[in-house]
Structures are given as structure tokens and as C-alpha cells.
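Heads up, the thing below is written out as C-alpha cells.
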Amino acid sequence: MRIDFAAELDPEQYRAVTTTEGPVLIVAGAGSGKTRVIIYRIAKLLSMGVPQEAILALTFTNKAAKEMAERARTLVRKPLRDLTISTFHSFGASILRKDIGHLGWKENFSIYDESDRARAVKECAREMGFSMDTFDSWKISSLFSALRAGHGELAGDDMQYRHLYDEYRKSLNVYNAVDFDDLIAMPLELFAAHPDVAARWKSRYRYVLIDEFQDTSRQQYDLMMAICGNDVCAVGDDDQSIYSWRGADFGNLLRFERDFPGLAEIRLERNYRSTGSILEAANAVISHNAKRKKKALWSPSGSVGTPLVISEHPDDSAEAEAVVAEMKKLRFSEHLPWDAFGILVRTNAQARVIEEALMETAVPYRTAGGPSFYQRKEVRDMLAYMRVAANPDDDMAVLRVLNVPRRGIGKAGMERLVGLARSRNVSVHIAGEMLERAPDGRIAEKLAAEVSSFFALTVRFRERVQSRAAPLSAALRDLVRDAGYWRYLLEEHRDDDKAAAWKYRNIELLAASIERWEKDPDTLDAGLFAYLARVALVTRDDPDDEEGKVSLLTIHAAKGLEFDTVFLPGCEEGIMPHAKSVEEGGGDIEEERRLFYVAITRARKRLFLSRCAARRVRGGTQATPSLPSSFLAEIPAGLLRGPESDTQGKSESEIAKDFFGKMRTMFGGAGPEKEA
DNA sequence: GTGTTTACTTTTTTT
DNA sequence: AAGTAAACAC
């Protein structure tokens, strides 16, 4: 590895990379080469002879972790198998994987996502006799999540759930499961109760690097402090803090300065990404925030670029069509590939209309919104089978597939089992065994037999995988057959076998992706548990940057990315800033502004802002017409211009298309689509 | 015990 | 609009 650090980095970056000893805080503005600095820093450490296993880099999203690992490998040009680059949550999971025994869980614990969590909370509530018709398990379970993550508290009406919370926590232990928040909270508990274990982890990592530091929560900060020594480097930008709703606390920047008084603070304000107009707009907008470290991005190239374009539309589908039309125009006039465009939305719901427009015009696109592949019913069923195999006490998984395909265990049977389990404070698996040993009557006997044949299926699966008789993917394919799942799909969709085939295909895709993962040389542990831990933490598909496609993303998902041209539809009061953040109490307008800032700074050359008066909201049209976002007024007028007049620079067919587009929005309902 | 109909809410953002 | 959960019929 030969890297000329001084030549490949600017002076501030160079300092950030080479200040390897002692605490460092890097305040890195948008587009200042933050990821680059981290990658080079890792390379620097390795070039100094630091062993890979002594380096820990923590990021916030799977996507960032993956990208960082890939870029580091490319730069260093050798495999980095012993380097730890992971998210806080998966790092927490790996700590628990080794040492959860100290806390009274078993190593084969399951990781619950929010739907498992909500369901578990619901079970507990039912058990405790809450009236289920008014009980909102999603709401309560996210309250519990906040509680566990160390923000939010039980107050007022919510006090009644205190006992329920305790019950929920107990039930997780019975299920031998932990939830997302436990992945951070439990390692902290572990370290507090077992200093020897803490010392072992701490001694392993000599150099610790934290990315997106502004998005870390207080607990994550504590976890960092438990692991790191004095050679710790935090990289962040308070202006890009957009996760406070899940406990991110950019007060950690101040805390860090206080906890490491002698730290070196390095500021990266040189922006290599955007034109002068875009930077000026971004700086102007963010300067309205009172709570921030003062800084200003500047462009070393000094190019001004084109003004930002703002346009208004009668409704959201007209807005979507305008975005598509503009892209087609630029693609032609500037020879831009599709992947030069990013369409950034505040909410996933906004993406729908745009997706329709893209599909209609056959524009290739990728999206990170919407439920992930792993959320699909048939895929979740398969994962549930695997989870039961790994951890038979995982009741949420058991209840999901115990009668899928139908085994004649209906509502009554389920209630019987769950009732028995709850009364003895054991999992359904154990309850099934108890029933088998001491059945009372014919029905119980039959029930017990069915339950045990279900578990036998999963045990067989586990044994094959663990004895390495078959790789996971092959074992899964067999399981689909042995469980009769394929036949079940056919029966479920008797009237359209297309749907059945589609679902079967998804299962095949799952098996194929497992196979790929198993064969990947970077997979250190191709075991069942490792796989499940991995997929549990993937809540969203990170679309592998497919080339040649427009990106349609939420602003949150777009953080860290950049595009030649960015579209920002929905610049309306209520969307951006979002209504939920404007209303009384917990709302945080500054965070919304940061979100707007993040969106603006994704653009390299062109930025198109748009808004519309009427938006379609679940069926009907929105009650009151929307007003323009108050953030728009914060952009200096000199940087903005309106859309070009309709006919300018357009081909005849485009003009014609526009004409029909207008007709459609004026009269509605022209064409095959139905009107709400 | 299972299949069908009806009532109803929903996610702001993500690990 | 869509998808789920509960209510209802078989």
C-alpha cells in the first residue's frame, strides 16, 4: 500500500487523517469529503502497522457501513476481514452474541423488529386484561422503545402502562429475544454489571472512529465511551442532525469536547460538491437555526452555477409529471445519464405519485422507500421458520408460522397453547412439550402432536445446518418443500397462480441471496444465527447503486449521497416542515430546517424545488390547499428563478405531451386512471 | 375450524 | 386505496 496522503488530501483533510493519536473531533460540513477522510484515516492507521482488529469504525446505517468497508478495501487494496466497520446496532448485537449469557439470555437469542415488538406488547396487554379495542399496540410499543432508548418518559395517562412495560421486558426474556433498543441498552447493562467483560472489549479496540456523530444518542455515546480509550475520533456535522426523534442528541458534540478537554478540533468547510448558488442557498437557510456551531461552506472552485428553480403545480400528479419532463429535457440537452438525478421526498407517501409517473414514462428508477424485501409476507414466513429453528422459544416467530401452512391448529388451539404458556411463564415451545407429556383429552393429544411435528420440522432444519450437512440456502429450499409451503401457496391463490408463482419466486430470491451471502469470502460466519442477526438489522433495502437509474429517496435515506441534479418536490407547509413537527410540544422546526438543508446540499449543479396546491391524501383530496414552505422564503431571491416558459427549448412532441398533460389536470380523468 | 365479508386505520423520518 | 383485523357464515 502506497498512498501519498499529502497529495491526495487538502490541508484540513490531511490534518484530520494524520492526527491519529489522541482525541479528535472533525466537524465536517456537507460535501467536504467526510467519508474520504474516514477511509484515508483507516488507511493511515493500517500503514502505521496498526492491526486490523484494533480498529473500530461505527456508523449509523447499514448502507454507510457497507460503503465504507468497500471504499477502504479499494483504497488499501487488500482484504480487511478483521477490521470492524459496523453500525452501532450490529456492533451491540455482536457484543451480546458473545456475552449475553451474563444477563440471563441464551446465545441463540432472536432480535425483534418493531412489528415483533408491537405484537409482543399486544400479547402482554391482552394477558393483563387491557381492553384490546382501544389499545394501540404500535403506539405503546414505540413509547416503550423510546423509554428503553433513554428518551421519552412515562407521564400522565401513560403511567398506566408502567406495569405493562415490565411485563413486556419479562416476556422478551421468556422468548429469549431482544429488541432493537436492547442492542444498545443491554451491552451498557452488561458492562456496568461486569467490569471484567467491559475491560475485555475495551482492550480490544485501540482506535475508535465514530461517523455521523451528530446522530448518536446519549446511550450510543455511553457505549462509545465504554469501548474507546484516548485515541478516539468523532466525525459529524451538527447541521445535518436529522434523527433527534429517535434519540439522536447533537449535544454529544459538546459532551465530547467536555469529556476530552485536550482534543484536536478540525473543521472541514471546503465544499467540493456543489455550485456557489447551491452553497449560498444552503448557508442562508441553515443560518436561521439558532442552535448550531457557526460555519459556512465555501467552494474552492468558485463557480456560481445556475440559479435554483422553483415551480408551482395544481396537484401532486402534475408536479410529478413536471419532474419527469424536466429530467427528460436535461437528459437530452445536457447528455445526463439517469443516475445523475435524485428525487428527494420528505415522506414515503410522496414517493407513490412520483413512482407512478416514472413507471408510466418508463424511466428506470430505484427507490429506498417502501417496505423492504424482507417485509414481504412469504419472506417473513421463511425467516420465521429459520428463527424458530435457531431459537424455539421465539414465540412471535412460532405464532406466525405454527399454522402456516395449515396444520389444523386454529384459534382455539392457539389460545390453549398460549394460555398454558403464559400461566406457566414459559414459551409456547415449552408449553407444547408440557402438553405432550400430560395431555388431558383427545383434543389436547392431537394438538400436542401437531405442535411437536411442527417443531420437529425446524429441529431437522437446524441440525442439518449446524452439522454442515447442507448449506443454509439448500436447507431452506428443502424446508419449503417439507413444510408444504409451496402447496400452501397454490391453495391460497387458487384463482390466480400468478400470485403464487410470484411469492414462490420471492422465496427463491431469498434462498439465492442466502447462497450469495454464504459464498461471499467476507462472510466470516455463515451460520444460521449470524444470518438471522444480519437480516434482522436490515429494515430497508439498500438498493445497491444500480447504474443508469434515477434515485427516488426520502431525504433521510439520501444523506451521504449526492446527485448532479436534485428535485425536491413537496416544498409545502405541512410536508416540509412536516405538520407533525410544527404542532405544539415535541415539534422541532430546526430539525426540519436541517432536513431541508441536507436535501439542498445533495445537489452538485442543479436544484429544482417545487410545490403544489392540492395533494391527494389516502383517497380523497387534501382538505385545505397547501401553502408554500416557509423555508423557501429563506433562500435569497437572487438565487431563485421560476420555471422556463412552457415552450422554450422543448421538442414538438414534448409540447404536445405537455398540452395533454394540462388538459388532463384541468378536466381530470382523461385516460385509463380513475379519479378519486 | 375455515373461508368470506365488512369495518376500519394508516407511517414522518429508520436501526 | 390498500391492507389488516374483527365479525360472520358455513
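Letters for chains follow the order of the C-alpha cells (A, B, ...), residue numbers begin at 1 for each chain, and ligand numbers begin at 1 in the order shown.
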May I have a table of the residues of segment 50-154 of chain A lying at most 12 Å from segment 1-14 of chain B, giving each one's closest pair of atoms and their distance in Å to one decimal, counting only C-alpha atoms (C1' of nucleotides), ordered by chain and ascending residue number, as JSON lines?
```
{"residue": "A:Phe60", "atom": "CA", "partner": "B:DT14", "partner_atom": "C1'", "distance": 9.9}
{"residue": "A:Thr61", "atom": "CA", "partner": "B:DT14", "partner_atom": "C1'", "distance": 8.6}
{"residue": "A:Asn62", "atom": "CA", "partner": "B:DT14", "partner_atom": "C1'", "distance": 10.7}
{"residue": "A:Lys63", "atom": "CA", "partner": "B:DT14", "partner_atom": "C1'", "distance": 12.0}
{"residue": "A:His89", "atom": "CA", "partner": "B:DT14", "partner_atom": "C1'", "distance": 11.8}
{"residue": "A:Asp113", "atom": "CA", "partner": "B:DT14", "partner_atom": "C1'", "distance": 11.3}
{"residue": "A:Glu114", "atom": "CA", "partner": "B:DT14", "partner_atom": "C1'", "distance": 10.8}
{"residue": "A:Asp133", "atom": "CA", "partner": "B:DC8", "partner_atom": "C1'", "distance": 11.7}
{"residue": "A:Asp136", "atom": "CA", "partner": "B:DT9", "partner_atom": "C1'", "distance": 11.0}
{"residue": "A:Trp138", "atom": "CA", "partner": "B:DT11", "partner_atom": "C1'", "distance": 10.7}
{"residue": "A:Lys139", "atom": "CA", "partner": "B:DT11", "partner_atom": "C1'", "distance": 11.4}
```
Tell me the residues of chain A close to chain B, meaning within 8 Å using only C-alpha atoms (C1' of nucleotides), as a list in words.
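Contact residues on the first chain: Phe60, Thr61, His89, Phe180, Tyr243, Arg346, Thr347, Gly408, Gly410, Leu537, Thr539, His556, His578 and Lys580 of chain A.
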Please dump the current selection as an mmCIF file, in the first residue's frame; keep C-alpha atoms.
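As a result, out_19.cif now contains:
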```cif
data_model
loop_
_atom_site.group_PDB
_atom_site.id
_atom_site.type_symbol
_atom_site.label_atom_id
_atom_site.label_comp_id
_atom_site.auth_asym_id
_atom_site.auth_seq_id
_atom_site.Cartn_x
_atom_site.Cartn_y
_atom_site.Cartn_z
ATOM 1 C CA PHE A 60 -25.244 4.855 11.596
ATOM 2 C CA THR A 61 -26.727 2.994 8.677
ATOM 3 C CA HIS A 89 -26.766 -1.757 16.448
ATOM 4 C CA PHE A 180 -33.609 -3.051 18.658
ATOM 5 C CA TYR A 243 -32.570 11.833 13.835
ATOM 6 C CA ARG A 346 -39.879 14.159 2.869
ATOM 7 C CA THR A 347 -42.247 11.224 3.322
ATOM 8 C CA GLY A 408 -55.297 -27.688 11.918
ATOM 9 C CA GLY A 410 -56.837 -22.939 14.795
ATOM 10 C CA LEU A 537 -30.950 -5.305 11.181
ATOM 11 C CA THR A 539 -35.122 -2.918 7.753
ATOM 12 C CA HIS A 556 -33.201 10.702 5.392
ATOM 13 C CA HIS A 578 -43.826 18.361 8.291
ATOM 14 C CA LYS A 580 -46.099 16.736 12.897
#
```
Name the residues of segment 249-469 of chain A that fall into helix (DSSP H, G or I) according to DSSP on the backbone, using the chain letters and numbers of this document, as a short mmCIF file (atom, residue, chain, number, x, y, z; two decimals) with C-alpha atoms, in the first residue's frame.
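Wrote it out as result_19.cif, contents follow:
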```
data_model
loop_
_atom_site.label_atom_id
_atom_site.label_comp_id
_atom_site.auth_asym_id
_atom_site.auth_seq_id
_atom_site.Cartn_x
_atom_site.Cartn_y
_atom_site.Cartn_z
CA GLY A 251 -25.35 17.78 22.41
CA ASN A 252 -22.95 14.84 22.18
CA LEU A 253 -20.64 17.17 20.28
CA LEU A 254 -20.43 19.41 23.33
CA ARG A 255 -20.23 16.44 25.65
CA PHE A 256 -17.35 15.10 23.65
CA GLU A 257 -15.49 18.39 23.93
CA ARG A 258 -16.05 18.34 27.65
CA ASP A 259 -15.02 14.71 28.14
CA GLY A 276 -21.88 28.58 -5.48
CA SER A 277 -25.60 29.19 -5.82
CA ILE A 278 -26.47 25.97 -4.09
CA LEU A 279 -23.98 26.57 -1.29
CA GLU A 280 -25.18 30.12 -0.81
CA ALA A 281 -28.78 28.96 -0.59
CA ALA A 282 -27.82 26.23 1.86
CA ASN A 283 -25.82 28.59 4.04
CA ALA A 284 -28.63 31.14 4.05
CA VAL A 285 -31.23 28.60 5.05
CA ILE A 286 -29.24 26.97 7.83
CA ASP A 316 -49.16 16.29 -6.98
CA SER A 317 -49.51 14.35 -10.18
CA ALA A 318 -48.85 17.46 -12.23
CA GLU A 319 -45.81 18.04 -10.05
CA ALA A 320 -44.60 14.50 -10.64
CA GLU A 321 -45.08 14.83 -14.37
CA ALA A 322 -43.16 18.09 -14.37
CA VAL A 323 -40.26 16.40 -12.62
CA VAL A 324 -40.21 13.66 -15.22
CA ALA A 325 -40.48 16.16 -18.08
CA GLU A 326 -37.60 18.21 -16.70
CA MET A 327 -35.43 15.14 -16.36
CA LYS A 328 -36.13 14.08 -19.92
CA LYS A 329 -35.27 17.53 -21.12
CA LEU A 330 -31.97 17.68 -19.23
CA ARG A 331 -31.07 14.20 -20.20
CA PHE A 332 -31.33 15.26 -23.78
CA SER A 333 -29.85 18.75 -23.60
CA TRP A 338 -30.48 8.70 -15.47
CA ASP A 339 -28.36 8.18 -12.39
CA ALA A 340 -27.41 11.85 -12.37
CA ASN A 348 -42.54 7.83 1.74
CA ALA A 349 -46.13 8.60 0.86
CA GLN A 350 -44.97 11.33 -1.51
CA ALA A 351 -43.00 8.80 -3.50
CA ARG A 352 -46.10 7.00 -4.73
CA VAL A 353 -47.30 9.56 -7.21
CA ILE A 354 -43.81 10.11 -8.47
CA GLU A 355 -43.27 6.43 -8.87
CA GLU A 356 -46.41 6.23 -10.95
CA ALA A 357 -45.17 9.00 -13.21
CA LEU A 358 -41.80 7.30 -13.60
CA MET A 359 -43.40 3.99 -14.37
CA GLU A 360 -45.82 5.47 -16.86
CA PHE A 373 -37.97 -7.30 0.55
CA TYR A 374 -37.64 -8.84 3.98
CA GLN A 375 -41.03 -7.47 4.96
CA LYS A 377 -45.23 -11.99 3.93
CA GLU A 378 -43.79 -15.09 2.32
CA VAL A 379 -40.23 -13.97 3.07
CA ARG A 380 -41.13 -13.21 6.66
CA ASP A 381 -42.69 -16.64 6.95
CA MET A 382 -39.46 -18.24 5.84
CA LEU A 383 -37.45 -16.10 8.21
CA ALA A 384 -39.84 -17.06 10.97
CA TYR A 385 -39.19 -20.75 10.29
CA MET A 386 -35.49 -20.10 10.46
CA ARG A 387 -35.88 -18.09 13.63
CA VAL A 388 -37.78 -20.92 15.28
CA ALA A 389 -35.03 -23.28 14.23
CA ALA A 390 -32.44 -21.02 15.80
CA ASP A 395 -42.91 -17.03 20.30
CA MET A 396 -43.51 -14.23 17.84
CA ALA A 397 -41.96 -16.35 15.13
CA VAL A 398 -43.67 -19.51 16.35
CA LEU A 399 -47.11 -17.95 16.41
CA ARG A 400 -46.56 -16.59 12.95
CA VAL A 401 -45.94 -19.92 11.28
CA LYS A 411 -57.82 -20.14 17.06
CA ALA A 412 -58.90 -22.42 19.85
CA GLY A 413 -55.71 -24.44 19.75
CA MET A 414 -53.59 -21.32 19.72
CA GLU A 415 -55.39 -19.87 22.70
CA ARG A 416 -54.99 -23.08 24.58
CA LEU A 417 -51.26 -23.14 23.95
CA VAL A 418 -50.63 -19.50 24.65
CA GLY A 419 -52.79 -19.67 27.77
CA LEU A 420 -50.78 -22.60 29.08
CA ALA A 421 -47.52 -20.91 28.22
CA ARG A 422 -48.47 -17.66 29.93
CA SER A 423 -49.78 -19.34 33.04
CA ARG A 424 -46.51 -21.22 33.49
CA VAL A 428 -45.11 -21.85 23.51
CA HIS A 429 -42.44 -24.37 22.63
CA ILE A 430 -42.14 -25.47 26.26
CA ALA A 431 -45.90 -25.38 26.67
CA GLY A 432 -46.21 -27.72 23.70
CA GLU A 433 -43.85 -30.18 25.34
CA MET A 434 -45.77 -29.99 28.59
CA LEU A 435 -48.97 -30.69 26.78
CA GLU A 436 -47.45 -33.65 25.03
CA ARG A 437 -46.27 -35.14 28.29
CA ARG A 442 -58.34 -36.27 22.82
CA ILE A 443 -58.11 -32.73 21.53
CA ALA A 444 -55.07 -31.87 23.59
CA GLU A 445 -53.38 -35.00 22.37
CA LYS A 446 -53.96 -34.10 18.75
CA LEU A 447 -52.89 -30.53 19.34
CA ALA A 448 -49.69 -31.62 21.05
CA ALA A 449 -48.92 -33.97 18.19
CA GLU A 450 -49.33 -31.22 15.62
CA VAL A 451 -47.20 -28.82 17.60
CA SER A 452 -44.46 -31.33 18.06
CA SER A 453 -44.41 -32.21 14.38
CA PHE A 454 -44.02 -28.52 13.64
CA PHE A 455 -41.04 -28.21 15.93
CA ALA A 456 -39.59 -31.44 14.59
CA LEU A 457 -39.53 -29.81 11.19
CA THR A 458 -37.48 -26.90 12.48
CA VAL A 459 -35.20 -29.11 14.53
CA ARG A 460 -34.41 -31.14 11.46
CA PHE A 461 -33.61 -27.93 9.65
CA ARG A 462 -31.35 -26.71 12.43
CA GLU A 463 -29.48 -29.96 12.69
CA ARG A 464 -28.78 -30.08 9.01
CA VAL A 465 -27.48 -26.55 9.04
CA GLN A 466 -25.43 -26.89 12.18
#
```
Pull out every residue of chain C sitting within 12 Å of chain A, counting only C-alpha atoms (C1' of nucleotides), and send them as JSON, numbers by chain.
{"C": [1, 2, 5, 6]}
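If you look at atom CA of Val598 of chain A and atom CA of Ser115 of chain A, they are 29.5 Å away from each other.
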Residues near segment 32-45 of chain A, cut-off 7 Å, only C-alpha atoms (C1' of nucleotides), skip fewer than 3 positions along chain, as number ranges by chain
A: 13, 16-18, 28-29, 48-50, 68, 71-72, 76, 268-272
Residues just named, written with all heavy atoms as a compact mmCIF listing (two decimals), in the first residue's frame:
```txt
# COMPACT_ATOMS: atom_id res chain seq x y z
N GLN A 13 -8.07 18.23 5.52
CA GLN A 13 -8.30 16.78 5.45
C GLN A 13 -7.04 16.04 5.88
O GLN A 13 -7.10 15.06 6.62
CB GLN A 13 -8.66 16.37 4.01
CG GLN A 13 -10.04 16.84 3.57
CD GLN A 13 -10.32 16.49 2.12
OE1 GLN A 13 -9.40 16.23 1.35
NE2 GLN A 13 -11.59 16.51 1.73
N ALA A 16 -6.76 16.03 9.49
CA ALA A 16 -7.76 15.14 10.08
C ALA A 16 -7.34 13.68 9.96
O ALA A 16 -7.61 12.87 10.84
CB ALA A 16 -9.12 15.35 9.40
N VAL A 17 -6.66 13.36 8.88
CA VAL A 17 -6.26 11.99 8.65
C VAL A 17 -5.02 11.62 9.47
O VAL A 17 -4.91 10.52 10.00
CB VAL A 17 -5.99 11.76 7.14
CG1 VAL A 17 -5.22 10.47 6.90
CG2 VAL A 17 -7.30 11.74 6.39
N THR A 18 -4.10 12.56 9.61
CA THR A 18 -2.82 12.21 10.22
C THR A 18 -2.76 12.46 11.72
O THR A 18 -1.82 12.04 12.37
CB THR A 18 -1.68 12.99 9.54
OG1 THR A 18 -2.00 14.37 9.55
CG2 THR A 18 -1.49 12.52 8.11
N ALA A 28 -17.36 18.20 9.99
CA ALA A 28 -17.26 18.10 8.54
C ALA A 28 -18.55 18.55 7.89
O ALA A 28 -19.57 17.90 8.00
CB ALA A 28 -16.95 16.66 8.14
N GLY A 29 -18.50 19.69 7.23
CA GLY A 29 -19.68 20.20 6.53
C GLY A 29 -20.08 19.29 5.38
O GLY A 29 -19.32 18.41 4.97
N MET A 48 0.52 2.50 9.38
CA MET A 48 1.39 2.65 10.54
C MET A 48 1.65 1.29 11.22
O MET A 48 2.38 1.21 12.20
CB MET A 48 0.74 3.57 11.58
CG MET A 48 0.72 5.04 11.17
SD MET A 48 -0.54 6.00 12.10
CE MET A 48 -0.21 5.49 13.78
N GLY A 49 0.99 0.27 10.72
CA GLY A 49 1.18 -1.06 11.29
C GLY A 49 0.17 -1.43 12.37
O GLY A 49 0.33 -2.42 13.07
N VAL A 50 -0.88 -0.62 12.50
CA VAL A 50 -1.92 -0.97 13.46
C VAL A 50 -2.66 -2.20 12.96
O VAL A 50 -3.06 -2.24 11.79
CB VAL A 50 -2.92 0.21 13.61
CG1 VAL A 50 -4.09 -0.18 14.51
CG2 VAL A 50 -2.22 1.45 14.14
N MET A 68 -18.43 2.19 3.37
CA MET A 68 -17.14 2.50 3.97
C MET A 68 -16.19 1.31 3.84
O MET A 68 -15.02 1.47 3.48
CB MET A 68 -17.36 2.84 5.44
CG MET A 68 -16.31 3.72 6.00
SD MET A 68 -16.83 4.26 7.63
CE MET A 68 -17.97 5.53 7.20
N ARG A 71 -15.04 1.01 0.20
CA ARG A 71 -14.08 2.04 -0.23
C ARG A 71 -12.73 1.86 0.45
O ARG A 71 -11.69 2.09 -0.17
CB ARG A 71 -14.66 3.43 0.04
CG ARG A 71 -15.68 3.82 -1.01
CD ARG A 71 -16.26 5.18 -0.80
NE ARG A 71 -15.27 6.25 -0.82
CZ ARG A 71 -15.57 7.53 -0.68
NH1 ARG A 71 -16.83 7.90 -0.54
NH2 ARG A 71 -14.63 8.44 -0.70
N ALA A 72 -12.76 1.44 1.70
CA ALA A 72 -11.49 1.21 2.40
C ALA A 72 -10.72 0.09 1.72
O ALA A 72 -9.51 0.19 1.49
CB ALA A 72 -11.76 0.87 3.87
N VAL A 76 -7.03 0.49 0.11
CA VAL A 76 -5.91 -0.24 0.69
C VAL A 76 -5.49 -1.40 -0.20
O VAL A 76 -4.37 -1.88 -0.14
CB VAL A 76 -6.31 -0.74 2.10
CG1 VAL A 76 -5.24 -1.60 2.70
CG2 VAL A 76 -6.59 0.45 3.00
N LEU A 268 -13.85 21.03 8.53
CA LEU A 268 -13.79 20.91 7.07
C LEU A 268 -14.96 21.69 6.49
O LEU A 268 -16.11 21.30 6.64
CB LEU A 268 -13.90 19.44 6.64
CG LEU A 268 -12.91 18.45 7.28
CD1 LEU A 268 -13.21 17.03 6.82
CD2 LEU A 268 -11.48 18.82 6.94
N GLU A 269 -14.66 22.81 5.90
CA GLU A 269 -15.73 23.65 5.35
C GLU A 269 -15.62 23.83 3.85
O GLU A 269 -16.45 24.47 3.23
CB GLU A 269 -15.72 25.02 6.04
CG GLU A 269 -16.12 24.95 7.50
CD GLU A 269 -15.89 26.24 8.24
OE1 GLU A 269 -14.73 26.70 8.31
OE2 GLU A 269 -16.86 26.81 8.75
N ARG A 270 -14.56 23.31 3.29
CA ARG A 270 -14.36 23.40 1.86
C ARG A 270 -15.29 22.41 1.18
O ARG A 270 -15.21 21.21 1.43
CB ARG A 270 -12.92 22.96 1.58
CG ARG A 270 -12.18 23.74 0.55
CD ARG A 270 -10.82 23.12 0.42
NE ARG A 270 -9.93 23.52 1.50
CZ ARG A 270 -8.76 24.11 1.27
NH1 ARG A 270 -8.36 24.34 0.04
NH2 ARG A 270 -7.99 24.44 2.28
N ASN A 271 -16.17 22.90 0.38
CA ASN A 271 -17.15 22.02 -0.25
C ASN A 271 -16.76 21.72 -1.69
O ASN A 271 -16.60 22.63 -2.50
CB ASN A 271 -18.53 22.67 -0.18
CG ASN A 271 -19.59 21.85 -0.89
OD1 ASN A 271 -19.53 21.66 -2.09
ND2 ASN A 271 -20.54 21.36 -0.13
N TYR A 272 -16.63 20.45 -1.97
CA TYR A 272 -16.21 20.04 -3.31
C TYR A 272 -17.38 19.64 -4.18
O TYR A 272 -17.21 19.20 -5.30
CB TYR A 272 -15.24 18.86 -3.21
CG TYR A 272 -13.97 19.23 -2.51
CD1 TYR A 272 -13.80 18.99 -1.16
CD2 TYR A 272 -12.94 19.86 -3.22
CE1 TYR A 272 -12.64 19.35 -0.52
CE2 TYR A 272 -11.78 20.21 -2.58
CZ TYR A 272 -11.63 19.95 -1.22
OH TYR A 272 -10.48 20.32 -0.60
```
Which polymer residues have any atom within 7 Å of an atom of segment 207-209 of chain A, counting only C-alpha atoms (C1' of nucleotides), with same-chain residues fewer than 2 positions away left out, as a VMD selection string?
chain A and resid 54 to 58 205 211 228 231 to 234
Segment 463-554 of chain A: which residues are strand (DSSP E or B) by DSSP, as a list in words?
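Filtering segment 463-554 of chain A down to strand (DSSP E or B) leaves Val550, Ser551, Leu552, Leu553 and Thr554 of chain A.
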What does the distance between atom CA of Asp525 of chain A and atom CA of Ala185 of chain A come to in Å, to one decimal place?
24.8 Å
What is the distance between atom CA of Asp196 of chain A and atom CA of Asp222 of chain A, in Å to one decimal?
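Result for atom CA of Asp196 of chain A versus atom CA of Asp222 of chain A: 17.2 Å, one decimal.
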